[in-house]
>>> print(open('query.csv').read())   # CSV, C-alpha atoms and all ligand atoms
chain,number,residue,atom,x,y,z
A,1,MET,CA,-126.3,-101.9,-25.9
A,2,LYS,CA,-128.9,-104.4,-24.8
A,3,LYS,CA,-131.1,-103.1,-27.6
A,4,ALA,CA,-128.4,-103.5,-30.2
A,5,LEU,CA,-127.8,-107.1,-29.1
A,6,LEU,CA,-131.4,-107.9,-29.2
A,7,CYS,CA,-131.6,-106.5,-32.8
A,8,LEU,CA,-128.6,-108.6,-33.8
A,9,LEU,CA,-130.2,-111.7,-32.3
A,10,LEU,CA,-133.4,-110.9,-34.1
A,11,ALA,CA,-131.6,-110.4,-37.4
A,12,VAL,CA,-129.8,-113.8,-37.0
A,13,LEU,CA,-133.0,-115.5,-36.1
A,14,LEU,CA,-134.7,-114.1,-39.2
A,15,LEU,CA,-131.8,-115.0,-41.4
A,16,THR,CA,-131.5,-118.6,-40.2
A,17,GLY,CA,-135.3,-119.1,-40.1
A,18,CYS,CA,-135.0,-120.4,-36.5
A,19,GLY,CA,-136.4,-123.9,-36.4
A,20,ALA,CA,-139.0,-123.1,-39.2
A,21,PRO,CA,-138.4,-125.1,-42.4
A,22,GLY,CA,-135.3,-123.8,-44.3
A,23,PRO,CA,-135.9,-121.9,-47.5
A,24,THR,CA,-135.3,-124.8,-49.8
A,25,GLU,CA,-137.3,-127.3,-47.7
A,26,GLU,CA,-140.1,-124.8,-47.5
A,27,HIS,CA,-140.4,-124.7,-51.3
A,28,LEU,CA,-140.1,-128.3,-52.1
A,29,ILE,CA,-143.1,-129.5,-54.2
A,30,ARG,CA,-144.6,-132.5,-52.6
A,31,VAL,CA,-145.5,-135.2,-55.1
A,32,GLY,CA,-147.0,-138.7,-54.5
A,33,PHE,CA,-146.1,-141.1,-57.2
A,34,SER,CA,-147.9,-144.5,-57.5
A,35,GLN,CA,-145.9,-146.8,-59.7
A,36,VAL,CA,-147.3,-150.1,-61.1
A,37,GLY,CA,-144.5,-152.3,-59.9
A,38,SER,CA,-141.1,-153.5,-61.1
A,39,GLU,CA,-142.2,-156.2,-63.5
A,40,SER,CA,-139.9,-155.3,-66.4
A,41,ASP,CA,-136.7,-153.6,-67.5
A,42,TRP,CA,-139.0,-150.9,-69.0
A,43,ARG,CA,-140.6,-150.3,-65.6
A,44,ILE,CA,-137.3,-150.2,-63.8
A,45,ALA,CA,-136.0,-147.6,-66.2
A,46,ASN,CA,-139.2,-145.7,-65.8
A,47,THR,CA,-138.9,-145.6,-62.0
A,48,ALA,CA,-135.3,-144.5,-62.2
A,49,SER,CA,-136.2,-141.7,-64.6
A,50,MET,CA,-139.0,-140.5,-62.3
A,51,LEU,CA,-136.8,-140.6,-59.2
A,52,ALA,CA,-134.1,-138.7,-60.9
A,53,ALA,CA,-136.3,-136.0,-62.3
A,54,LEU,CA,-138.4,-135.5,-59.1
A,55,SER,CA,-135.4,-135.3,-56.8
A,56,GLU,CA,-134.9,-133.0,-53.9
A,57,ALA,CA,-132.1,-131.3,-55.8
A,58,ASN,CA,-134.7,-130.4,-58.5
A,59,GLY,CA,-137.1,-129.0,-55.8
A,60,TYR,CA,-139.3,-132.0,-55.1
A,61,GLU,CA,-140.2,-134.1,-52.1
A,62,LEU,CA,-141.2,-137.4,-53.7
A,63,LEU,CA,-143.4,-139.9,-51.9
A,64,PHE,CA,-142.9,-143.1,-53.9
A,65,ASP,CA,-145.1,-146.2,-53.8
A,66,ASN,CA,-144.5,-149.5,-55.7
A,67,ALA,CA,-147.9,-151.2,-56.1
A,68,LYS,CA,-146.3,-154.6,-57.0
A,69,GLN,CA,-148.8,-155.0,-59.9
A,70,ARG,CA,-151.9,-154.7,-57.8
A,71,GLN,CA,-154.5,-152.0,-58.3
A,72,GLU,CA,-155.7,-152.2,-54.7
A,73,ASN,CA,-152.2,-151.2,-53.6
A,74,GLN,CA,-152.4,-148.2,-55.9
A,75,LEU,CA,-155.8,-147.2,-54.5
A,76,LEU,CA,-154.3,-147.3,-50.9
A,77,ALA,CA,-151.3,-145.3,-52.0
A,78,ILE,CA,-153.4,-142.6,-53.6
A,79,ARG,CA,-155.6,-142.3,-50.5
A,80,ASN,CA,-152.5,-142.1,-48.4
A,81,PHE,CA,-151.1,-139.3,-50.6
A,82,ILE,CA,-154.4,-137.4,-50.2
A,83,GLN,CA,-154.3,-137.8,-46.5
A,84,GLN,CA,-150.7,-136.4,-46.5
A,85,ASP,CA,-152.0,-133.5,-48.5
A,86,VAL,CA,-149.4,-133.7,-51.2
A,87,ASP,CA,-149.3,-130.9,-53.9
A,88,TYR,CA,-149.7,-133.3,-56.8
A,89,ILE,CA,-150.4,-137.0,-57.4
A,90,VAL,CA,-148.7,-138.8,-60.3
A,91,LEU,CA,-150.3,-142.1,-61.2
A,92,ALA,CA,-148.9,-144.8,-63.5
A,93,PRO,CA,-152.1,-146.9,-63.6
A,94,ILE,CA,-152.0,-150.7,-63.9
A,95,THR,CA,-155.3,-150.9,-65.8
A,96,GLU,CA,-157.6,-148.4,-67.5
A,97,SER,CA,-160.6,-148.9,-65.3
A,98,GLY,CA,-161.4,-148.5,-61.6
A,99,TRP,CA,-160.2,-145.0,-60.9
A,100,ASP,CA,-163.3,-142.9,-60.7
A,101,ASP,CA,-163.9,-142.9,-56.9
A,102,VAL,CA,-160.4,-142.4,-55.8
A,103,LEU,CA,-159.7,-139.6,-58.3
A,104,GLN,CA,-163.0,-138.0,-57.3
A,105,GLU,CA,-161.5,-137.9,-53.7
A,106,ALA,CA,-158.3,-136.3,-55.0
A,107,LYS,CA,-160.3,-133.7,-56.9
A,108,GLY,CA,-162.4,-133.1,-53.8
A,109,SER,CA,-159.2,-132.4,-51.9
A,110,GLY,CA,-158.0,-130.0,-54.6
A,111,ILE,CA,-155.0,-132.2,-55.6
A,112,PRO,CA,-154.2,-132.2,-59.3
A,113,VAL,CA,-153.4,-135.7,-60.8
A,114,ILE,CA,-151.1,-136.4,-63.6
A,115,ILE,CA,-151.3,-139.8,-65.4
A,116,VAL,CA,-148.2,-141.3,-66.9
A,117,ASP,CA,-147.6,-144.3,-69.2
A,118,ARG,CA,-150.9,-146.2,-69.5
A,119,ARG,CA,-154.2,-144.4,-69.8
A,120,ILE,CA,-157.2,-144.3,-67.6
A,121,SER,CA,-160.8,-144.5,-68.6
A,122,VAL,CA,-163.0,-142.3,-66.3
A,123,SER,CA,-166.5,-141.0,-66.7
A,124,ASP,CA,-165.3,-137.4,-66.2
A,125,ASP,CA,-162.0,-136.3,-67.9
A,126,SER,CA,-161.6,-133.5,-65.4
A,127,LEU,CA,-160.6,-136.1,-62.9
A,128,TYR,CA,-157.0,-135.8,-64.2
A,129,THR,CA,-155.1,-132.9,-65.4
A,130,SER,CA,-152.8,-134.3,-68.0
A,131,TRP,CA,-151.4,-137.6,-69.4
A,132,VAL,CA,-148.1,-138.4,-71.0
A,133,GLY,CA,-147.0,-141.7,-72.6
A,134,SER,CA,-146.8,-143.7,-75.7
A,135,ASP,CA,-149.1,-144.3,-78.7
A,136,PHE,CA,-149.5,-148.0,-78.1
A,137,LEU,CA,-151.8,-148.6,-81.1
A,138,ALA,CA,-149.1,-147.0,-83.3
A,139,GLU,CA,-146.5,-149.3,-81.8
A,140,GLY,CA,-148.7,-152.3,-82.6
A,141,ARG,CA,-149.3,-151.2,-86.1
A,142,ARG,CA,-145.6,-150.6,-86.6
A,143,ALA,CA,-145.0,-154.2,-85.7
A,144,VAL,CA,-147.8,-155.5,-88.0
A,145,ARG,CA,-146.6,-153.4,-90.9
A,146,TRP,CA,-143.0,-154.6,-90.6
A,147,LEU,CA,-144.3,-158.2,-90.5
A,148,GLU,CA,-146.4,-157.7,-93.6
A,149,GLU,CA,-143.4,-156.2,-95.4
A,150,GLN,CA,-141.1,-159.1,-94.4
A,151,LEU,CA,-143.5,-161.8,-95.5
A,152,GLN,CA,-144.1,-160.0,-98.8
A,153,ALA,CA,-140.4,-159.7,-99.4
A,154,GLN,CA,-140.0,-163.4,-98.6
A,155,GLY,CA,-142.8,-164.3,-101.0
A,156,ARG,CA,-144.8,-165.6,-98.1
A,157,GLY,CA,-147.5,-163.0,-98.1
A,158,GLN,CA,-150.3,-165.5,-99.0
A,159,GLU,CA,-149.0,-168.4,-97.0
A,160,PRO,CA,-150.7,-169.5,-93.7
A,161,LEU,CA,-149.0,-167.7,-90.7
A,162,ARG,CA,-149.3,-169.2,-87.3
A,163,ILE,CA,-148.9,-166.6,-84.5
A,164,LEU,CA,-148.3,-167.1,-80.8
A,165,HIS,CA,-149.5,-164.1,-78.9
A,166,ILE,CA,-148.0,-163.4,-75.5
A,167,GLN,CA,-150.1,-160.7,-73.8
A,168,GLY,CA,-149.3,-158.2,-71.1
A,169,THR,CA,-151.4,-157.4,-68.0
A,170,TYR,CA,-155.1,-157.6,-69.1
A,171,GLY,CA,-156.8,-154.2,-69.1
A,172,ALA,CA,-153.5,-152.2,-69.4
A,173,THR,CA,-153.5,-149.7,-72.3
A,174,ALA,CA,-150.2,-151.2,-73.6
A,175,GLN,CA,-151.9,-154.6,-73.7
A,176,LEU,CA,-155.3,-153.5,-75.1
A,177,LEU,CA,-153.8,-151.4,-77.9
A,178,ARG,CA,-151.0,-153.7,-78.9
A,179,THR,CA,-153.6,-156.5,-79.0
A,180,ARG,CA,-155.9,-154.3,-81.0
A,181,ALA,CA,-153.3,-153.8,-83.7
A,182,LEU,CA,-152.9,-157.5,-84.0
A,183,THR,CA,-156.6,-158.1,-84.1
A,184,GLU,CA,-156.9,-155.6,-87.0
A,185,ALA,CA,-154.1,-157.4,-88.8
A,186,LEU,CA,-155.9,-160.7,-88.5
A,187,GLU,CA,-159.0,-159.2,-90.0
A,188,ALA,CA,-157.0,-157.9,-92.9
A,189,HIS,CA,-155.1,-161.2,-93.4
A,190,PRO,CA,-157.4,-164.3,-93.5
A,191,ASN,CA,-154.3,-166.5,-93.8
A,192,TRP,CA,-153.0,-165.3,-90.4
A,193,GLU,CA,-154.1,-167.3,-87.4
A,194,ILE,CA,-153.5,-167.0,-83.6
A,195,VAL,CA,-152.5,-170.4,-82.3
A,196,ALA,CA,-152.7,-169.4,-78.7
A,197,GLN,CA,-152.8,-166.3,-76.4
A,198,LEU,CA,-150.7,-166.6,-73.3
A,199,PRO,CA,-151.3,-164.2,-70.3
A,200,GLY,CA,-147.6,-163.3,-69.7
A,201,GLU,CA,-148.4,-160.4,-67.3
A,202,TYR,CA,-145.4,-158.5,-68.7
A,203,THR,CA,-142.9,-160.7,-66.7
A,204,GLU,CA,-140.1,-162.9,-67.9
A,205,ALA,CA,-140.8,-165.6,-65.4
A,206,LYS,CA,-144.5,-166.0,-66.3
A,207,SER,CA,-143.8,-166.0,-70.0
A,208,TYR,CA,-141.0,-168.6,-69.6
A,209,GLU,CA,-143.4,-170.9,-67.7
A,210,LEU,CA,-146.2,-170.5,-70.2
A,211,MET,CA,-143.9,-170.9,-73.1
A,212,ARG,CA,-142.5,-174.1,-71.7
A,213,ASP,CA,-146.1,-175.5,-71.2
A,214,PHE,CA,-147.0,-174.4,-74.7
A,215,LEU,CA,-144.1,-176.2,-76.3
A,216,GLN,CA,-145.3,-179.4,-74.6
A,217,THR,CA,-148.4,-179.2,-76.8
A,218,GLY,CA,-146.2,-179.7,-79.9
A,219,GLN,CA,-148.1,-177.0,-81.8
A,220,GLU,CA,-146.0,-175.2,-84.4
A,221,ILE,CA,-145.7,-171.5,-84.8
A,222,ASP,CA,-144.1,-169.0,-87.2
A,223,VAL,CA,-144.3,-165.8,-85.2
A,224,ILE,CA,-144.3,-164.8,-81.6
A,225,TYR,CA,-146.0,-161.4,-81.0
A,226,SER,CA,-144.8,-160.6,-77.5
A,227,GLU,CA,-146.2,-157.5,-75.8
A,228,ASN,CA,-143.0,-156.6,-74.0
A,229,ASP,CA,-139.3,-157.5,-74.1
A,230,ASN,CA,-139.2,-159.3,-70.8
A,231,MET,CA,-141.9,-161.8,-72.0
A,232,SER,CA,-139.8,-162.2,-75.1
A,233,PHE,CA,-136.7,-163.0,-73.0
A,234,GLY,CA,-138.7,-165.7,-71.1
A,235,ALA,CA,-140.1,-167.2,-74.3
A,236,ILE,CA,-136.7,-167.3,-76.0
A,237,ARG,CA,-135.2,-169.0,-73.0
A,238,ALA,CA,-137.8,-171.7,-73.2
A,239,LEU,CA,-137.3,-172.1,-76.9
A,240,GLU,CA,-133.6,-172.4,-76.5
A,241,GLU,CA,-133.9,-175.0,-73.7
A,242,ALA,CA,-136.2,-177.0,-76.1
A,243,GLY,CA,-133.6,-176.7,-78.8
A,244,ILE,CA,-135.9,-174.6,-81.1
A,245,PRO,CA,-134.0,-171.8,-82.9
A,246,CYS,CA,-135.5,-168.4,-83.6
A,247,GLY,CA,-134.6,-165.4,-85.7
A,248,GLY,CA,-132.9,-167.1,-88.6
A,249,GLU,CA,-134.3,-167.8,-92.0
A,250,GLY,CA,-137.3,-169.9,-91.9
A,251,GLU,CA,-137.2,-169.9,-88.1
A,252,ILE,CA,-139.7,-168.4,-85.6
A,253,MET,CA,-139.8,-164.6,-85.8
A,254,VAL,CA,-140.0,-162.8,-82.4
A,255,LEU,CA,-141.7,-159.4,-82.5
A,256,SER,CA,-141.1,-157.5,-79.2
A,257,PHE,CA,-142.1,-154.3,-77.6
A,258,ASP,CA,-140.1,-151.8,-75.6
A,259,ALA,CA,-136.6,-152.1,-77.2
A,260,VAL,CA,-134.6,-152.0,-74.0
A,261,ARG,CA,-130.9,-152.5,-74.4
A,262,ARG,CA,-131.0,-156.2,-73.7
A,263,ALA,CA,-133.6,-156.7,-76.4
A,264,LEU,CA,-131.6,-154.6,-78.9
A,265,GLU,CA,-128.6,-156.9,-78.2
A,266,LEU,CA,-130.7,-160.0,-78.9
A,267,CYS,CA,-131.9,-158.3,-82.1
A,268,ARG,CA,-128.3,-157.6,-83.1
A,269,ASP,CA,-127.5,-161.3,-82.3
A,270,GLY,CA,-130.4,-162.4,-84.6
A,271,LYS,CA,-132.7,-163.8,-82.0
A,272,ILE,CA,-135.3,-161.0,-81.9
A,273,SER,CA,-136.5,-160.1,-85.3
A,274,LEU,CA,-138.1,-156.7,-84.5
A,275,CYS,CA,-137.8,-154.4,-81.5
A,276,VAL,CA,-140.6,-151.8,-81.4
A,277,GLU,CA,-139.6,-148.9,-79.2
A,278,CYS,CA,-141.5,-147.8,-76.2
A,279,ASN,CA,-139.8,-145.0,-74.3
A,280,PRO,CA,-139.9,-145.2,-70.5
A,281,LEU,CA,-138.0,-142.0,-69.7
A,282,HIS,CA,-141.0,-140.0,-68.6
A,283,GLY,CA,-139.4,-138.3,-65.5
A,284,PRO,CA,-138.4,-135.1,-67.2
A,285,ARG,CA,-141.7,-135.0,-69.1
A,286,VAL,CA,-143.7,-135.3,-65.9
A,287,ALA,CA,-141.5,-132.6,-64.3
A,288,ALA,CA,-142.2,-130.3,-67.2
A,289,LEU,CA,-145.9,-130.8,-66.7
A,290,LEU,CA,-145.6,-130.1,-63.0
A,291,GLU,CA,-143.6,-126.9,-63.8
A,292,GLN,CA,-146.3,-125.7,-66.1
A,293,LEU,CA,-148.9,-126.2,-63.3
A,294,GLU,CA,-146.6,-124.4,-60.8
A,295,ASN,CA,-146.4,-121.5,-63.2
A,296,GLY,CA,-150.1,-121.3,-63.5
A,297,SER,CA,-150.3,-122.5,-67.1
A,298,THR,CA,-152.5,-125.3,-68.5
A,299,PRO,CA,-150.5,-128.3,-69.9
A,300,ALA,CA,-151.7,-130.2,-72.9
A,301,LYS,CA,-154.3,-132.9,-71.9
A,302,LEU,CA,-152.5,-135.6,-73.8
A,303,THR,CA,-148.8,-135.8,-74.8
A,304,PHE,CA,-147.5,-138.6,-77.0
A,305,VAL,CA,-143.9,-139.6,-77.2
A,306,ASP,CA,-142.2,-140.2,-80.6
A,307,GLU,CA,-140.9,-143.7,-81.1
A,308,LEU,CA,-139.2,-146.0,-83.7
A,309,ALA,CA,-138.8,-149.7,-84.4
A,310,PHE,CA,-135.6,-151.6,-85.2
A,311,ASP,CA,-134.8,-154.8,-87.0
A,312,ARG,CA,-131.3,-156.2,-87.4
A,313,ASP,CA,-130.6,-154.2,-90.6
A,314,MET,CA,-131.5,-150.9,-88.9
A,315,LEU,CA,-129.6,-151.5,-85.7
A,316,THR,CA,-126.2,-149.9,-85.4
A,317,ASP,CA,-123.7,-150.3,-82.5
A,318,ASP,CA,-124.3,-146.6,-81.8
A,319,VAL,CA,-128.0,-147.2,-81.2
A,320,ILE,CA,-127.3,-149.9,-78.7
A,321,ARG,CA,-124.5,-148.0,-77.0
A,322,ASP,CA,-126.6,-144.8,-76.6
A,323,ARG,CA,-129.7,-146.6,-75.3
A,324,GLU,CA,-130.5,-145.2,-71.9
A,325,TYR,CA,-132.7,-148.1,-70.8
B,1,LIG,O1,-144.3,-152.2,-72.3
B,1,LIG,C1,-143.9,-153.1,-70.2
B,1,LIG,C2,-144.2,-152.6,-68.8
B,1,LIG,O2,-147.0,-149.8,-69.8
B,1,LIG,C3,-145.6,-149.4,-71.6
B,1,LIG,O3,-145.4,-152.0,-69.1
B,1,LIG,C4,-145.8,-150.0,-70.3
B,1,LIG,C5,-145.5,-151.5,-70.4
B,1,LIG,C6,-144.2,-151.9,-71.0
B,1,LIG,O4,-144.2,-153.5,-67.8
B,1,LIG,O5,-142.6,-153.6,-70.3
>>> encode(input="query.csv", output="structure tokens")
Amino acid sequence: MKKALLCLLLAVLLLTGCGAPGPTEEHLIRVGFSQVGSESDWRIANTASMLAALSEANGYELLFDNAKQRQENQLLAIRNFIQQDVDYIVLAPITESGWDDVLQEAKGSGIPVIIVDRRISVSDDSLYTSWVGSDFLAEGRRAVRWLEEQLQAQGRGQEPLRILHIQGTYGATAQLLRTRALTEALEAHPNWEIVAQLPGEYTEAKSYELMRDFLQTGQEIDVIYSENDNMSFGAIRALEEAGIPCGGEGEIMVLSFDAVRRALELCRDGKISLCVECNPLHGPRVAALLEQLENGSTPAKLTFVDELAFDRDMLTDDVIRDREY
């Protein structure tokens, strides 16, 4: 009888796991995610997408760190993830450079690293397993091509064109390549000129401030090439406060990157002339890469996301309604 009871107790203990981690807890994949910050609508949508995809219900234990737009915070976060011996590190890098040492440490600890959104420039590509994000040069060229076509259609192809360039965080791939596309365009069009370059740091507040100061100079412009939507929002606010219209015929054209819902609405309302799409919904893409690694397969080194651009004529209510970010 005693023996039977003991057996029963043993069976119960085995079934319940007795204090040891439960079956699901035991199998959670531990991921440390170092995010750039929360500087823009794009970024906030990106964070939401990552948190949703790498949830406990989906089998992940996510250690999330918001670096508040500072690389030193990202370095600290990664070292902390290494110390906690996570299974994987996911890094959304603020700039391209400065990652060699810390990624060498991750490699030394045998932790695979996935890069998301912006790229990194490292001396040894084996320091990261895989990258997924946008083709920022293609985005910039999409904006430039649209502008060329517009000017051509308006018979202004040969006229002087004065451009105000609002730039994102210096050294970020999205800044470097969107800027490169504009630089290429200036080489191809000697009648195009950059009146000023403003360091908007991808935020609405900074761009608003800089735009207000710029308007004080009294310089005239035809186009604003703004490297993300939030900087466009800030610039448009400053223009409106100064009583300067944009988007209409003969008025300043705002070309904006990301195409978040708020920007699409401004495009529909005629204030933004072009929204170049940049898709932030990388959560499921990163989860797919992690799954491949878990299954022992080798994911593609680079994965580019397909994107579009919208002007007022292309925008339908459906596009705006269905926009997830
Ligand atoms: O355009 C901007 C964000 O790296 C693509 O960063 C991303 C950029 C995006 O803050 O809104």
>>> residues_around(input="query.csv", residues="region 103-108 of chain A", least_positions_apart="6", cutoff="9 Å", atoms="only C-alpha atoms", output="list in words")
Ile78, Arg79, Phe81, Ile82, Ile89, Ser126, Leu127 and Tyr128 of chain A
>>> atom_distance(input="query.csv", atom1="CA of Glu209 (chain A)", atom2="CA of Ile244 (chain A)")
15.8 Å
>>> closest_residue(input="query.csv", among="A:Arg178, A:Arg156, A:Arg70, A:Arg162", to="ligand LIG 1 (chain B)", atoms="all atoms listed in the file")
A:Arg178
>>> residues_near_ligand(input="query.csv", ligand="ligand LIG 1 (chain B)", cutoff="10 Å", atoms="all atoms listed in the file", output="ChimeraX atom specification")
/A:36-46,69,92-95,116-119,133-136,168-169,172-175,178,201-204,226-231,256-260,276-280
>>> residues_near_point(input="query.csv", point="(-144.8, -172.7, -68.4)", cutoff="12 Å", atoms="only C-alpha atoms", output="ChimeraX atom specification")
/A:198-200,204-217,231,234-235,237-239
>>> write_last_selection(input="query.csv", atoms="C-alpha atoms", output="mmCIF file, in the frame of the given file")
data_model
loop_
_atom_site.group_PDB
_atom_site.id
_atom_site.type_symbol
_atom_site.label_atom_id
_atom_site.label_comp_id
_atom_site.auth_asym_id
_atom_site.auth_seq_id
_atom_site.Cartn_x
_atom_site.Cartn_y
_atom_site.Cartn_z
ATOM 1 C CA LEU A 198 -150.700 -166.600 -73.300
ATOM 2 C CA PRO A 199 -151.300 -164.200 -70.300
ATOM 3 C CA GLY A 200 -147.600 -163.300 -69.700
ATOM 4 C CA GLU A 204 -140.100 -162.900 -67.900
ATOM 5 C CA ALA A 205 -140.800 -165.600 -65.400
ATOM 6 C CA LYS A 206 -144.500 -166.000 -66.300
ATOM 7 C CA SER A 207 -143.800 -166.000 -70.000
ATOM 8 C CA TYR A 208 -141.000 -168.600 -69.600
ATOM 9 C CA GLU A 209 -143.400 -170.900 -67.700
ATOM 10 C CA LEU A 210 -146.200 -170.500 -70.200
ATOM 11 C CA MET A 211 -143.900 -170.900 -73.100
ATOM 12 C CA ARG A 212 -142.500 -174.100 -71.700
ATOM 13 C CA ASP A 213 -146.100 -175.500 -71.200
ATOM 14 C CA PHE A 214 -147.000 -174.400 -74.700
ATOM 15 C CA LEU A 215 -144.100 -176.200 -76.300
ATOM 16 C CA GLN A 216 -145.300 -179.400 -74.600
ATOM 17 C CA THR A 217 -148.400 -179.200 -76.800
ATOM 18 C CA MET A 231 -141.900 -161.800 -72.000
ATOM 19 C CA GLY A 234 -138.700 -165.700 -71.100
ATOM 20 C CA ALA A 235 -140.100 -167.200 -74.300
ATOM 21 C CA ARG A 237 -135.200 -169.000 -73.000
ATOM 22 C CA ALA A 238 -137.800 -171.700 -73.200
ATOM 23 C CA LEU A 239 -137.300 -172.100 -76.900
#
>>> residues_around(input="query.csv", residues="Leu137 (chain A)", least_positions_apart="6", cutoff="8 Å", atoms="only C-alpha atoms", output="number ranges by chain")
A: 177-178, 180-181
>>> atom_distance(input="query.csv", atom1="CA of Glu294 (chain A)", atom2="CA of Ile29 (chain A)")
9.0 Å
>>> residues_near_point(input="query.csv", point="(-137.4, -156.7, -88.5)", cutoff="10 Å", atoms="all atoms listed in the file", output="list in words")
Ala143, Trp146, Leu147, Glu149, Gln150, Gly247, Met253, Val254, Leu255, Cys267, Gly270, Ile272, Ser273, Leu274, Cys275, Val276, Ala309, Phe310, Asp311, Arg312, Asp313, Met314 and Leu315 of chain A
>>> residues_around(input="query.csv", residues="Ser130 (chain A)", least_positions_apart="5", cutoff="6 Å", atoms="only C-alpha atoms", output="list in words")
Ile114, Lys301 and Leu302 of chain A
>>> write_last_selection(input="query.csv", atoms="C-alpha atoms", output="PDB file, keeping the file's coordinate frame")
ATOM      1  CA  ILE A 114    -151.100-136.400 -63.600  1.00  0.00           C
ATOM      2  CA  LYS A 301    -154.300-132.900 -71.900  1.00  0.00           C
ATOM      3  CA  LEU A 302    -152.500-135.600 -73.800  1.00  0.00           C
TER       4      LEU A 302
END
>>> atom_distance(input="query.csv", atom1="CA of Ala48 (chain A)", atom2="CA of Glu307 (chain A)")
19.7 Å
>>> closest_residue(input="query.csv", among="A:Leu164, A:Leu75, A:Gly110, A:Leu91", to="Met50 (chain A)", atoms="all atoms listed in the file")
A:Leu91
>>> closest_residue(input="query.csv", among="A:Leu289, A:Leu186, A:Val223, A:Arg261", to="Cys246 (chain A)", atoms="all atoms listed in the file")
A:Val223
>>> closest_residue(input="query.csv", among="A:Pro299, A:Pro190, A:Pro284, A:Gly248", to="Ser55 (chain A)", atoms="only C-alpha atoms")
A:Pro284
